[in-house]
file coords-v3.txt (compact mmCIF, C-alpha atoms and all ligand atoms)
# COMPACT_ATOMS: atom_id res chain seq x y z
CA MET A 27 -20.62 -99.22 -27.49
CA GLN A 28 -22.50 -102.52 -27.86
CA ASP A 29 -26.14 -102.62 -28.96
CA MET A 30 -28.62 -102.81 -26.12
CA THR A 31 -30.91 -105.83 -25.86
CA LEU A 32 -34.57 -105.87 -24.90
CA LYS A 33 -35.17 -108.51 -22.22
CA PRO A 34 -38.47 -110.41 -22.05
CA ILE A 35 -40.45 -109.38 -18.95
CA LEU A 36 -41.76 -112.24 -16.78
CA ILE A 37 -45.50 -112.30 -16.18
CA HIS A 38 -47.06 -113.21 -12.81
CA PRO A 39 -47.45 -115.96 -11.64
CA ASP A 40 -43.82 -117.03 -12.00
CA PRO A 41 -41.70 -118.51 -9.18
CA ARG A 42 -38.81 -116.16 -10.08
CA LEU A 43 -40.99 -113.19 -9.09
CA LYS A 44 -41.41 -114.63 -5.56
CA LYS A 45 -37.68 -115.05 -4.79
CA HIS A 46 -35.64 -113.04 -2.29
CA CYS A 47 -32.85 -111.75 -4.52
CA ASP A 48 -29.11 -112.10 -3.76
CA PRO A 49 -26.85 -109.06 -3.29
CA VAL A 50 -24.69 -108.00 -6.24
CA THR A 51 -21.01 -108.66 -5.44
CA GLU A 52 -19.30 -108.23 -8.83
CA PHE A 53 -19.23 -104.73 -10.29
CA ASP A 54 -17.99 -105.53 -13.77
CA LYS A 55 -18.74 -104.64 -17.40
CA GLU A 56 -21.41 -107.34 -17.54
CA LEU A 57 -23.34 -105.65 -14.71
CA ALA A 58 -23.18 -102.25 -16.47
CA ARG A 59 -24.38 -103.87 -19.70
CA PHE A 60 -27.25 -105.58 -17.90
CA ALA A 61 -28.29 -102.26 -16.32
CA ASP A 62 -28.33 -100.60 -19.78
CA ASP A 63 -30.46 -103.47 -21.13
CA MET A 64 -32.87 -103.07 -18.20
CA LEU A 65 -33.25 -99.32 -18.86
CA GLU A 66 -33.86 -99.97 -22.56
CA THR A 67 -36.45 -102.65 -21.68
CA MET A 68 -38.17 -100.29 -19.19
CA TYR A 69 -38.41 -97.38 -21.68
CA ASP A 70 -39.62 -99.73 -24.42
CA ALA A 71 -42.37 -101.32 -22.24
CA PRO A 72 -43.08 -98.43 -21.39
CA GLY A 73 -42.64 -98.21 -17.63
CA ILE A 74 -41.19 -95.99 -14.92
CA GLY A 75 -39.32 -98.80 -13.14
CA LEU A 76 -38.01 -102.33 -13.57
CA ALA A 77 -36.38 -104.76 -11.13
CA ALA A 78 -33.82 -107.42 -12.15
CA PRO A 79 -36.04 -110.44 -11.19
CA GLN A 80 -38.69 -109.19 -13.65
CA VAL A 81 -36.21 -110.05 -16.41
CA GLY A 82 -35.09 -113.29 -14.73
CA LEU A 83 -31.95 -112.12 -12.87
CA ILE A 84 -32.28 -112.94 -9.15
CA LYS A 85 -30.00 -110.08 -8.02
CA ARG A 86 -30.63 -106.87 -6.05
CA MET A 87 -30.68 -104.31 -8.85
CA LEU A 88 -33.37 -101.96 -10.19
CA VAL A 89 -33.73 -99.16 -12.69
CA MET A 90 -36.23 -96.30 -12.70
CA ASP A 91 -37.08 -92.99 -14.33
CA CYS A 92 -40.11 -91.10 -13.03
CA ALA A 93 -38.99 -87.78 -14.53
CA LYS A 94 -39.99 -88.46 -18.13
CA GLU A 95 -43.69 -88.16 -17.34
CA ALA A 96 -43.25 -84.78 -15.64
CA ASP A 97 -41.23 -82.67 -18.10
CA GLY A 98 -39.93 -84.94 -20.84
CA THR A 99 -36.26 -84.90 -19.76
CA PRO A 100 -35.13 -88.45 -18.99
CA GLU A 101 -33.51 -89.08 -15.58
CA PRO A 102 -32.46 -92.74 -15.63
CA MET A 103 -31.33 -94.21 -12.30
CA VAL A 104 -29.67 -97.57 -11.61
CA LEU A 105 -29.74 -98.74 -7.97
CA VAL A 106 -27.64 -101.75 -6.97
CA ASN A 107 -28.14 -103.32 -3.50
CA PRO A 108 -30.71 -100.65 -2.47
CA GLU A 109 -31.80 -100.40 1.18
CA VAL A 110 -34.44 -98.15 2.74
CA THR A 111 -32.77 -96.31 5.65
CA TRP A 112 -35.75 -94.10 6.64
CA LYS A 113 -39.51 -93.97 5.97
CA SER A 114 -41.79 -90.99 6.63
CA GLU A 115 -44.74 -91.33 9.02
CA GLU A 116 -46.83 -89.57 6.38
CA ARG A 117 -48.36 -91.97 3.90
CA ASN A 118 -49.51 -91.66 0.31
CA VAL A 119 -51.94 -93.64 -1.84
CA TYR A 120 -51.04 -94.23 -5.49
CA GLU A 121 -52.73 -96.33 -8.17
CA GLU A 122 -49.91 -98.76 -8.99
CA GLY A 123 -49.32 -100.89 -12.04
CA CYS A 124 -46.67 -103.51 -12.76
CA LEU A 125 -45.06 -104.61 -16.01
CA SER A 126 -45.29 -108.20 -14.71
CA ILE A 127 -49.06 -107.79 -14.16
CA PRO A 128 -50.07 -105.99 -17.39
CA GLY A 129 -53.36 -104.09 -17.52
CA GLN A 130 -54.07 -104.33 -13.78
CA TYR A 131 -53.99 -101.33 -11.45
CA ALA A 132 -54.86 -100.88 -7.78
CA GLU A 133 -54.43 -98.33 -5.02
CA VAL A 134 -51.56 -99.09 -2.63
CA GLU A 135 -50.68 -97.08 0.49
CA ARG A 136 -46.98 -96.60 1.31
CA PRO A 137 -44.75 -94.08 3.14
CA LYS A 138 -44.83 -90.78 1.21
CA MET A 139 -41.05 -90.27 1.49
CA VAL A 140 -38.15 -92.68 1.90
CA ARG A 141 -34.38 -92.37 2.23
CA VAL A 142 -32.52 -95.05 0.28
CA LYS A 143 -28.86 -96.03 0.15
CA TRP A 144 -27.47 -97.99 -2.78
CA GLN A 145 -24.42 -98.59 -4.96
CA ASP A 146 -24.00 -97.62 -8.61
CA VAL A 147 -22.77 -100.05 -11.28
CA GLU A 148 -19.16 -99.25 -10.26
CA GLY A 149 -19.88 -100.06 -6.61
CA LYS A 150 -19.79 -96.39 -5.47
CA PRO A 151 -22.18 -95.71 -2.53
CA HIS A 152 -25.05 -93.18 -2.74
CA GLU A 153 -27.86 -92.07 -0.42
CA GLN A 154 -30.85 -89.90 -1.30
CA GLU A 155 -34.37 -89.02 -0.20
CA PHE A 156 -37.23 -89.80 -2.60
CA ASP A 157 -40.67 -88.17 -2.57
CA ALA A 158 -44.01 -88.52 -4.42
CA LEU A 159 -43.96 -90.88 -7.44
CA TRP A 160 -40.19 -91.53 -7.09
CA ALA A 161 -40.80 -92.78 -3.51
CA THR A 162 -43.72 -95.00 -4.58
CA CYS A 163 -41.71 -96.40 -7.48
CA VAL A 164 -38.50 -97.13 -5.52
CA GLN A 165 -40.53 -98.94 -2.81
CA HIS A 166 -42.43 -100.96 -5.46
CA GLU A 167 -39.11 -101.96 -7.08
CA ILE A 168 -37.36 -102.84 -3.78
CA ASP A 169 -40.40 -105.01 -2.99
CA HIS A 170 -39.68 -106.94 -6.22
CA LEU A 171 -36.17 -107.70 -4.86
CA ASP A 172 -37.87 -109.29 -1.81
CA GLY A 173 -40.34 -111.30 -3.91
CA VAL A 174 -43.25 -108.97 -3.09
CA LEU A 175 -45.75 -107.73 -5.72
CA PHE A 176 -48.19 -104.81 -5.33
CA ILE A 177 -51.09 -107.30 -5.40
CA ASP A 178 -49.74 -108.77 -2.13
CA TYR A 179 -51.13 -105.61 -0.43
CA LEU A 180 -54.65 -106.23 -1.76
CA LYS A 181 -57.48 -108.27 -0.22
CA PRO A 182 -57.09 -112.03 -1.01
CA LEU A 183 -60.16 -112.14 -3.27
CA LYS A 184 -58.97 -109.23 -5.45
CA ARG A 185 -55.44 -110.73 -5.58
CA GLN A 186 -56.88 -114.09 -6.64
CA MET A 187 -59.01 -112.46 -9.35
CA ILE A 188 -55.93 -110.68 -10.82
CA THR A 189 -53.83 -113.86 -10.63
CA ARG A 190 -56.52 -115.81 -12.52
CA LYS A 191 -56.61 -113.10 -15.23
CA MET A 192 -52.82 -113.34 -15.59
CA GLN A 193 -52.97 -117.16 -15.82
CA LYS A 194 -55.51 -116.79 -18.63
CA LEU A 195 -53.33 -114.17 -20.38
CA LYS A 196 -50.31 -116.48 -20.19
CA ARG A 197 -52.30 -119.42 -21.61
CA GLU A 198 -53.48 -117.21 -24.50
CA LYS A 199 -49.96 -115.94 -25.18
CA ALA A 200 -48.62 -119.54 -25.17
CA ARG A 201 -51.22 -120.53 -27.78
CA LEU A 202 -50.07 -117.83 -30.26
O1 LIG A 301 -42.06 -102.55 -11.53
C1 LIG A 301 -42.72 -102.45 -12.54
O2 LIG A 301 -43.35 -103.38 -12.98
C2 LIG A 301 -42.79 -101.12 -13.27
C3 LIG A 301 -43.97 -100.28 -12.85
C4 LIG A 301 -43.50 -99.31 -11.79
C5 LIG A 301 -44.55 -98.61 -10.97
C6 LIG A 301 -45.65 -98.03 -11.53
C7 LIG A 301 -46.59 -97.37 -10.75
C8 LIG A 301 -46.38 -97.28 -9.41
C9 LIG A 301 -45.29 -97.87 -8.85
C10 LIG A 301 -44.36 -98.52 -9.63
C11 LIG A 301 -44.48 -99.55 -14.08
O3 LIG A 301 -43.78 -98.78 -14.66
S1 LIG A 301 -46.09 -99.89 -14.60
C12 LIG A 301 -46.30 -98.80 -15.99
C13 LIG A 301 -46.50 -97.38 -15.60
O4 LIG A 301 -46.75 -97.09 -14.45
C14 LIG A 301 -46.36 -96.31 -16.61
C15 LIG A 301 -46.19 -96.58 -17.93
C16 LIG A 301 -46.06 -95.55 -18.85
C17 LIG A 301 -46.10 -94.26 -18.44
C18 LIG A 301 -46.27 -93.97 -17.11
C19 LIG A 301 -46.40 -94.97 -16.19
ZN ZN A 302 -43.68 -104.20 -10.68
call {"tool": "encode", "arguments": {"input": "coords-v3.txt", "output": "structure tokens", "more": "lines below"}}
Ligand code: K1U
Ligand code: ZN
result
Amino acid sequence: MQDMTLKPILIHPDPRLKKHCDPVTEFDKELARFADDMLETMYDAPGIGLAAPQVGLIKRMLVMDCAKEADGTPEPMVLVNPEVTWKSEERNVYEEGCLSIPGQYAEVERPKMVRVKWQDVEGKPHEQEFDALWATCVQHEIDHLDGVLFIDYLKPLKRQMITRKMQKLKREKARL
């Protein structure tokens, strides 16, 4: 097995985070390798999810693991070409964060449960219902594939304040 590589995570604002990502069409070794690198990058961050555009690949792929927090047993998932096929009427509010918007958190309301279909790295189809934090996370990550960030759900003034903080952070990082 090859060594896994940590990928640099893009920080908002970045035009690559606003793109509508293209479907994955080639299910090859390179895709499986990229998925492993994304999982490694997510665990290292640390985070509970990561979408391909956050590491500069404009393709419809995400990884997540919301189990680690609960009982310590990892449950890594790789979702290629994910699509929400059902959303519950019931909604849930969760204080979301984003690895592309470090240090900023805000409450976002979303459907409490969703059913999602996707392909694995070999192209095999899957469909499953997600609840609680898994549902929040999968919706947050699918939003990334459509160029949507959690701050897009906030009032314009709050969004602008967070964007300015991130611009400052990027300027400081560039100076180092
Ligand atoms: O997409 C991302 O940037 C990852 C993001 C996922 C997410 C978090 C919260 C709600 C919805 C989606 C994160 O993982 S931010 C970091 C985080 O939430 C976390 C980090 C360490 C332990 C537990 C959570
Ligand atoms: Zn995010």
call {"tool": "residues_near_ligand", "arguments": {"input": "coords-v3.txt", "ligand": "ligand LIG 301 (chain A)", "cutoff": "10 Å", "atoms": "all atoms listed in the file", "output": "PyMOL selection string"}}
result
chain A and resi 35-37+68-80+88-96+120-134+159-170+175-176
call {"tool": "write_last_selection", "arguments": {"input": "coords-v3.txt", "atoms": "C-alpha atoms", "output": "PDB file, keeping the file's coordinate frame"}}
result
ATOM      1  CA  ILE A  35     -40.450-109.380 -18.950  1.00  0.00           C
ATOM      2  CA  LEU A  36     -41.760-112.240 -16.780  1.00  0.00           C
ATOM      3  CA  ILE A  37     -45.500-112.300 -16.180  1.00  0.00           C
ATOM      4  CA  MET A  68     -38.170-100.290 -19.190  1.00  0.00           C
ATOM      5  CA  TYR A  69     -38.410 -97.380 -21.680  1.00  0.00           C
ATOM      6  CA  ASP A  70     -39.620 -99.730 -24.420  1.00  0.00           C
ATOM      7  CA  ALA A  71     -42.370-101.320 -22.240  1.00  0.00           C
ATOM      8  CA  PRO A  72     -43.080 -98.430 -21.390  1.00  0.00           C
ATOM      9  CA  GLY A  73     -42.640 -98.210 -17.630  1.00  0.00           C
ATOM     10  CA  ILE A  74     -41.190 -95.990 -14.920  1.00  0.00           C
ATOM     11  CA  GLY A  75     -39.320 -98.800 -13.140  1.00  0.00           C
ATOM     12  CA  LEU A  76     -38.010-102.330 -13.570  1.00  0.00           C
ATOM     13  CA  ALA A  77     -36.380-104.760 -11.130  1.00  0.00           C
ATOM     14  CA  ALA A  78     -33.820-107.420 -12.150  1.00  0.00           C
ATOM     15  CA  PRO A  79     -36.040-110.440 -11.190  1.00  0.00           C
ATOM     16  CA  GLN A  80     -38.690-109.190 -13.650  1.00  0.00           C
ATOM     17  CA  LEU A  88     -33.370-101.960 -10.190  1.00  0.00           C
ATOM     18  CA  VAL A  89     -33.730 -99.160 -12.690  1.00  0.00           C
ATOM     19  CA  MET A  90     -36.230 -96.300 -12.700  1.00  0.00           C
ATOM     20  CA  ASP A  91     -37.080 -92.990 -14.330  1.00  0.00           C
ATOM     21  CA  CYS A  92     -40.110 -91.100 -13.030  1.00  0.00           C
ATOM     22  CA  ALA A  93     -38.990 -87.780 -14.530  1.00  0.00           C
ATOM     23  CA  LYS A  94     -39.990 -88.460 -18.130  1.00  0.00           C
ATOM     24  CA  GLU A  95     -43.690 -88.160 -17.340  1.00  0.00           C
ATOM     25  CA  ALA A  96     -43.250 -84.780 -15.640  1.00  0.00           C
ATOM     26  CA  TYR A 120     -51.040 -94.230  -5.490  1.00  0.00           C
ATOM     27  CA  GLU A 121     -52.730 -96.330  -8.170  1.00  0.00           C
ATOM     28  CA  GLU A 122     -49.910 -98.760  -8.990  1.00  0.00           C
ATOM     29  CA  GLY A 123     -49.320-100.890 -12.040  1.00  0.00           C
ATOM     30  CA  CYS A 124     -46.670-103.510 -12.760  1.00  0.00           C
ATOM     31  CA  LEU A 125     -45.060-104.610 -16.010  1.00  0.00           C
ATOM     32  CA  SER A 126     -45.290-108.200 -14.710  1.00  0.00           C
ATOM     33  CA  ILE A 127     -49.060-107.790 -14.160  1.00  0.00           C
ATOM     34  CA  PRO A 128     -50.070-105.990 -17.390  1.00  0.00           C
ATOM     35  CA  GLY A 129     -53.360-104.090 -17.520  1.00  0.00           C
ATOM     36  CA  GLN A 130     -54.070-104.330 -13.780  1.00  0.00           C
ATOM     37  CA  TYR A 131     -53.990-101.330 -11.450  1.00  0.00           C
ATOM     38  CA  ALA A 132     -54.860-100.880  -7.780  1.00  0.00           C
ATOM     39  CA  GLU A 133     -54.430 -98.330  -5.020  1.00  0.00           C
ATOM     40  CA  VAL A 134     -51.560 -99.090  -2.630  1.00  0.00           C
ATOM     41  CA  LEU A 159     -43.960 -90.880  -7.440  1.00  0.00           C
ATOM     42  CA  TRP A 160     -40.190 -91.530  -7.090  1.00  0.00           C
ATOM     43  CA  ALA A 161     -40.800 -92.780  -3.510  1.00  0.00           C
ATOM     44  CA  THR A 162     -43.720 -95.000  -4.580  1.00  0.00           C
ATOM     45  CA  CYS A 163     -41.710 -96.400  -7.480  1.00  0.00           C
ATOM     46  CA  VAL A 164     -38.500 -97.130  -5.520  1.00  0.00           C
ATOM     47  CA  GLN A 165     -40.530 -98.940  -2.810  1.00  0.00           C
ATOM     48  CA  HIS A 166     -42.430-100.960  -5.460  1.00  0.00           C
ATOM     49  CA  GLU A 167     -39.110-101.960  -7.080  1.00  0.00           C
ATOM     50  CA  ILE A 168     -37.360-102.840  -3.780  1.00  0.00           C
ATOM     51  CA  ASP A 169     -40.400-105.010  -2.990  1.00  0.00           C
ATOM     52  CA  HIS A 170     -39.680-106.940  -6.220  1.00  0.00           C
ATOM     53  CA  LEU A 175     -45.750-107.730  -5.720  1.00  0.00           C
ATOM     54  CA  PHE A 176     -48.190-104.810  -5.330  1.00  0.00           C
TER      55      PHE A 176
END
call {"tool": "residues_around", "arguments": {"input": "coords-v3.txt", "residues": "A:Gln154", "least_positions_apart": "3", "cutoff": "10 Å", "atoms": "all atoms listed in the file", "output": "list in words"}}
result
Val110, Thr111, Val140, Arg141, Val142, Lys143 and Trp144 of chain A
call {"tool": "write_last_selection", "arguments": {"input": "coords-v3.txt", "atoms": "C-alpha atoms", "output": "PDB file, in the coordinates of the input"}}
result
ATOM      1  CA  VAL A 110     -34.440 -98.150   2.740  1.00  0.00           C
ATOM      2  CA  THR A 111     -32.770 -96.310   5.650  1.00  0.00           C
ATOM      3  CA  VAL A 140     -38.150 -92.680   1.900  1.00  0.00           C
ATOM      4  CA  ARG A 141     -34.380 -92.370   2.230  1.00  0.00           C
ATOM      5  CA  VAL A 142     -32.520 -95.050   0.280  1.00  0.00           C
ATOM      6  CA  LYS A 143     -28.860 -96.030   0.150  1.00  0.00           C
ATOM      7  CA  TRP A 144     -27.470 -97.990  -2.780  1.00  0.00           C
TER       8      TRP A 144
END
call {"tool": "atom_distance", "arguments": {"input": "coords-v3.txt", "atom1": "atom CA of A:Asp63", "atom2": "atom CA of A:Leu32"}}
result
6.1 Å
call {"tool": "atom_distance", "arguments": {"input": "coords-v3.txt", "atom1": "atom CA of A:Asn107", "atom2": "atom CA of A:Leu83"}}
result
13.4 Å
call {"tool": "closest_residue", "arguments": {"input": "coords-v3.txt", "among": "A:Ala61, A:Glu155, A:Tyr179, A:Val81", "to": "A:Asp40", "atoms": "only C-alpha atoms"}}
result
A:Val81
call {"tool": "closest_residue", "arguments": {"input": "coords-v3.txt", "among": "A:Glu198, A:Pro108, A:Asn118, A:Pro41", "to": "A:Leu171", "atoms": "all atoms listed in the file"}}
result
A:Pro108
call {"tool": "residues_around", "arguments": {"input": "coords-v3.txt", "residues": "A:Lys55", "least_positions_apart": "3", "cutoff": "12 Å", "atoms": "only C-alpha atoms", "output": "ChimeraX atom specification"}}
result
/A:27-28,52,58-62,147-149
call {"tool": "closest_residue", "arguments": {"input": "coords-v3.txt", "among": "A:Lys85, A:Lys33, A:Lys44, A:Lys199", "to": "ligand ZN 302 (chain A)", "atoms": "only C-alpha atoms and all ligand atoms"}}
result
A:Lys44
call {"tool": "atom_distance", "arguments": {"input": "coords-v3.txt", "atom1": "atom CA of A:Ser114", "atom2": "atom CA of A:Phe156"}}
result
10.4 Å
call {"tool": "closest_residue", "arguments": {"input": "coords-v3.txt", "among": "A:Asp157, A:Arg117, A:Val174, A:Gly82", "to": "ligand ZN 302 (chain A)", "atoms": "only C-alpha atoms and all ligand atoms"}}
result
A:Val174
call {"tool": "residues_around", "arguments": {"input": "coords-v3.txt", "residues": "A:Lys196", "least_positions_apart": "4", "cutoff": "9 Å", "atoms": "only C-alpha atoms", "output": "ChimeraX atom specification"}}
result
/A:37-38,191-192,200-201
call {"tool": "write_last_selection", "arguments": {"input": "coords-v3.txt", "atoms": "C-alpha atoms", "output": "tab-separated table (two decimals), in the frame of the given file"}}
result
chain	number	residue	atom	x	y	z
A	37	ILE	CA	-45.50	-112.30	-16.18
A	38	HIS	CA	-47.06	-113.21	-12.81
A	191	LYS	CA	-56.61	-113.10	-15.23
A	192	MET	CA	-52.82	-113.34	-15.59
A	200	ALA	CA	-48.62	-119.54	-25.17
A	201	ARG	CA	-51.22	-120.53	-27.78
call {"tool": "closest_residue", "arguments": {"input": "coords-v3.txt", "among": "A:Lys194, A:Ile177, A:Trp112, A:Met87", "to": "A:Cys47", "atoms": "all atoms listed in the file"}}
result
A:Met87
call {"tool": "residues_around", "arguments": {"input": "coords-v3.txt", "residues": "A:Glu116", "least_positions_apart": "3", "cutoff": "8 Å", "atoms": "all atoms listed in the file", "output": "compact mmCIF listing (two decimals) with C-alpha atoms, in the frame of the given file"}}
result
# COMPACT_ATOMS: atom_id res chain seq x y z
CA PRO A 137 -44.75 -94.08 3.14
CA LYS A 138 -44.83 -90.78 1.21
CA MET A 139 -41.05 -90.27 1.49
call {"tool": "closest_residue", "arguments": {"input": "coords-v3.txt", "among": "A:Pro102, A:Gly173, A:Pro182, A:Pro151", "to": "ligand ZN 302 (chain A)", "atoms": "only C-alpha atoms and all ligand atoms"}}
result
A:Gly173
call {"tool": "axis_aligned_box", "arguments": {"input": "coords-v3.txt", "around": "stretch 27-43 of chain A", "padding_each_side": "6 Å", "output": "JSON"}}
result
{"center_x": -34.0, "center_y": -108.9, "center_z": -19.0, "size_x": 38.8, "size_y": 31.3, "size_z": 31.9}
call {"tool": "decode", "arguments": {"input": "coords-v3.txt", "residues": "stretch 148-157 of chain A", "atoms": "all heavy atoms", "output": "tab-separated table (two decimals), in the first residue's frame"}}
result
chain	number	residue	atom	x	y	z
A	148	GLU	N	-15.59	2.04	-6.29
A	148	GLU	CA	-15.59	1.08	-7.40
A	148	GLU	C	-16.78	1.29	-8.33
A	148	GLU	O	-16.96	0.55	-9.30
A	148	GLU	CB	-15.61	-0.34	-6.83
A	148	GLU	CG	-14.25	-0.72	-6.24
A	148	GLU	CD	-14.32	-1.93	-5.34
A	148	GLU	OE1	-15.43	-2.42	-5.04
A	148	GLU	OE2	-13.24	-2.37	-4.93
A	149	GLY	N	-17.62	2.28	-7.98
A	149	GLY	CA	-18.77	2.59	-8.83
A	149	GLY	C	-20.04	1.86	-8.42
A	149	GLY	O	-21.09	2.00	-9.04
A	150	LYS	N	-19.96	1.05	-7.34
A	150	LYS	CA	-21.13	0.28	-6.87
A	150	LYS	C	-22.14	1.21	-6.20
A	150	LYS	O	-21.76	2.05	-5.38
A	150	LYS	CB	-20.62	-0.76	-5.86
A	150	LYS	CG	-21.58	-1.89	-5.59
A	150	LYS	CD	-20.92	-2.94	-4.72
A	150	LYS	CE	-21.93	-3.44	-3.73
A	150	LYS	NZ	-21.45	-3.80	-2.44
A	151	PRO	N	-23.45	1.08	-6.57
A	151	PRO	CA	-24.45	1.99	-5.97
A	151	PRO	C	-24.85	1.60	-4.54
A	151	PRO	O	-24.87	0.42	-4.19
A	151	PRO	CB	-25.65	1.85	-6.91
A	151	PRO	CG	-25.50	0.53	-7.57
A	151	PRO	CD	-24.03	0.19	-7.57
A	152	HIS	N	-25.17	2.64	-3.74
A	152	HIS	CA	-25.62	2.47	-2.36
A	152	HIS	C	-26.74	3.47	-2.10
A	152	HIS	O	-26.79	4.53	-2.73
A	152	HIS	CB	-24.49	2.79	-1.36
A	152	HIS	CG	-23.31	1.88	-1.48
A	152	HIS	ND1	-23.13	0.79	-0.68
A	152	HIS	CD2	-22.25	1.90	-2.33
A	152	HIS	CE1	-21.99	0.18	-1.01
A	152	HIS	NE2	-21.44	0.84	-2.01
A	153	GLU	N	-27.60	3.16	-1.13
A	153	GLU	CA	-28.61	4.14	-0.68
A	153	GLU	C	-28.85	3.90	0.81
A	153	GLU	O	-28.95	2.73	1.24
A	153	GLU	CB	-29.91	4.01	-1.47
A	153	GLU	CG	-30.86	5.15	-1.20
A	153	GLU	CD	-31.92	5.37	-2.28
A	153	GLU	OE1	-32.02	4.55	-3.20
A	153	GLU	OE2	-32.64	6.38	-2.18
A	154	GLN	N	-28.93	4.98	1.57
A	154	GLN	CA	-29.06	4.85	3.03
A	154	GLN	C	-29.69	6.10	3.62
A	154	GLN	O	-29.54	7.19	3.06
A	154	GLN	CB	-27.64	4.67	3.61
A	154	GLN	CG	-27.59	4.34	5.08
A	154	GLN	CD	-26.15	4.38	5.61
A	154	GLN	OE1	-25.25	3.80	5.01
A	154	GLN	NE2	-25.94	5.09	6.71
A	155	GLU	N	-30.39	5.91	4.74
A	155	GLU	CA	-30.95	7.05	5.47
A	155	GLU	C	-29.94	7.52	6.52
A	155	GLU	O	-29.29	6.68	7.16
A	155	GLU	CB	-32.23	6.60	6.17
A	155	GLU	CG	-33.30	7.66	6.16
A	155	GLU	CD	-34.65	7.09	6.54
A	155	GLU	OE1	-35.37	6.62	5.63
A	155	GLU	OE2	-34.97	7.14	7.73
A	156	PHE	N	-29.81	8.82	6.68
A	156	PHE	CA	-28.92	9.40	7.69
A	156	PHE	C	-29.75	10.23	8.65
A	156	PHE	O	-30.70	10.89	8.24
A	156	PHE	CB	-27.86	10.29	7.04
A	156	PHE	CG	-26.88	9.54	6.18
A	156	PHE	CD1	-27.08	9.42	4.81
A	156	PHE	CD2	-25.75	8.96	6.73
A	156	PHE	CE1	-26.18	8.73	4.01
A	156	PHE	CE2	-24.84	8.26	5.95
A	156	PHE	CZ	-25.05	8.15	4.58
A	157	ASP	N	-29.36	10.20	9.93
A	157	ASP	CA	-30.08	10.92	10.98
A	157	ASP	C	-29.07	11.72	11.81
A	157	ASP	O	-27.86	11.47	11.75
A	157	ASP	CB	-30.81	9.89	11.87
A	157	ASP	CG	-31.83	10.55	12.81
A	157	ASP	OD1	-32.02	11.77	12.72
A	157	ASP	OD2	-32.42	9.81	13.61
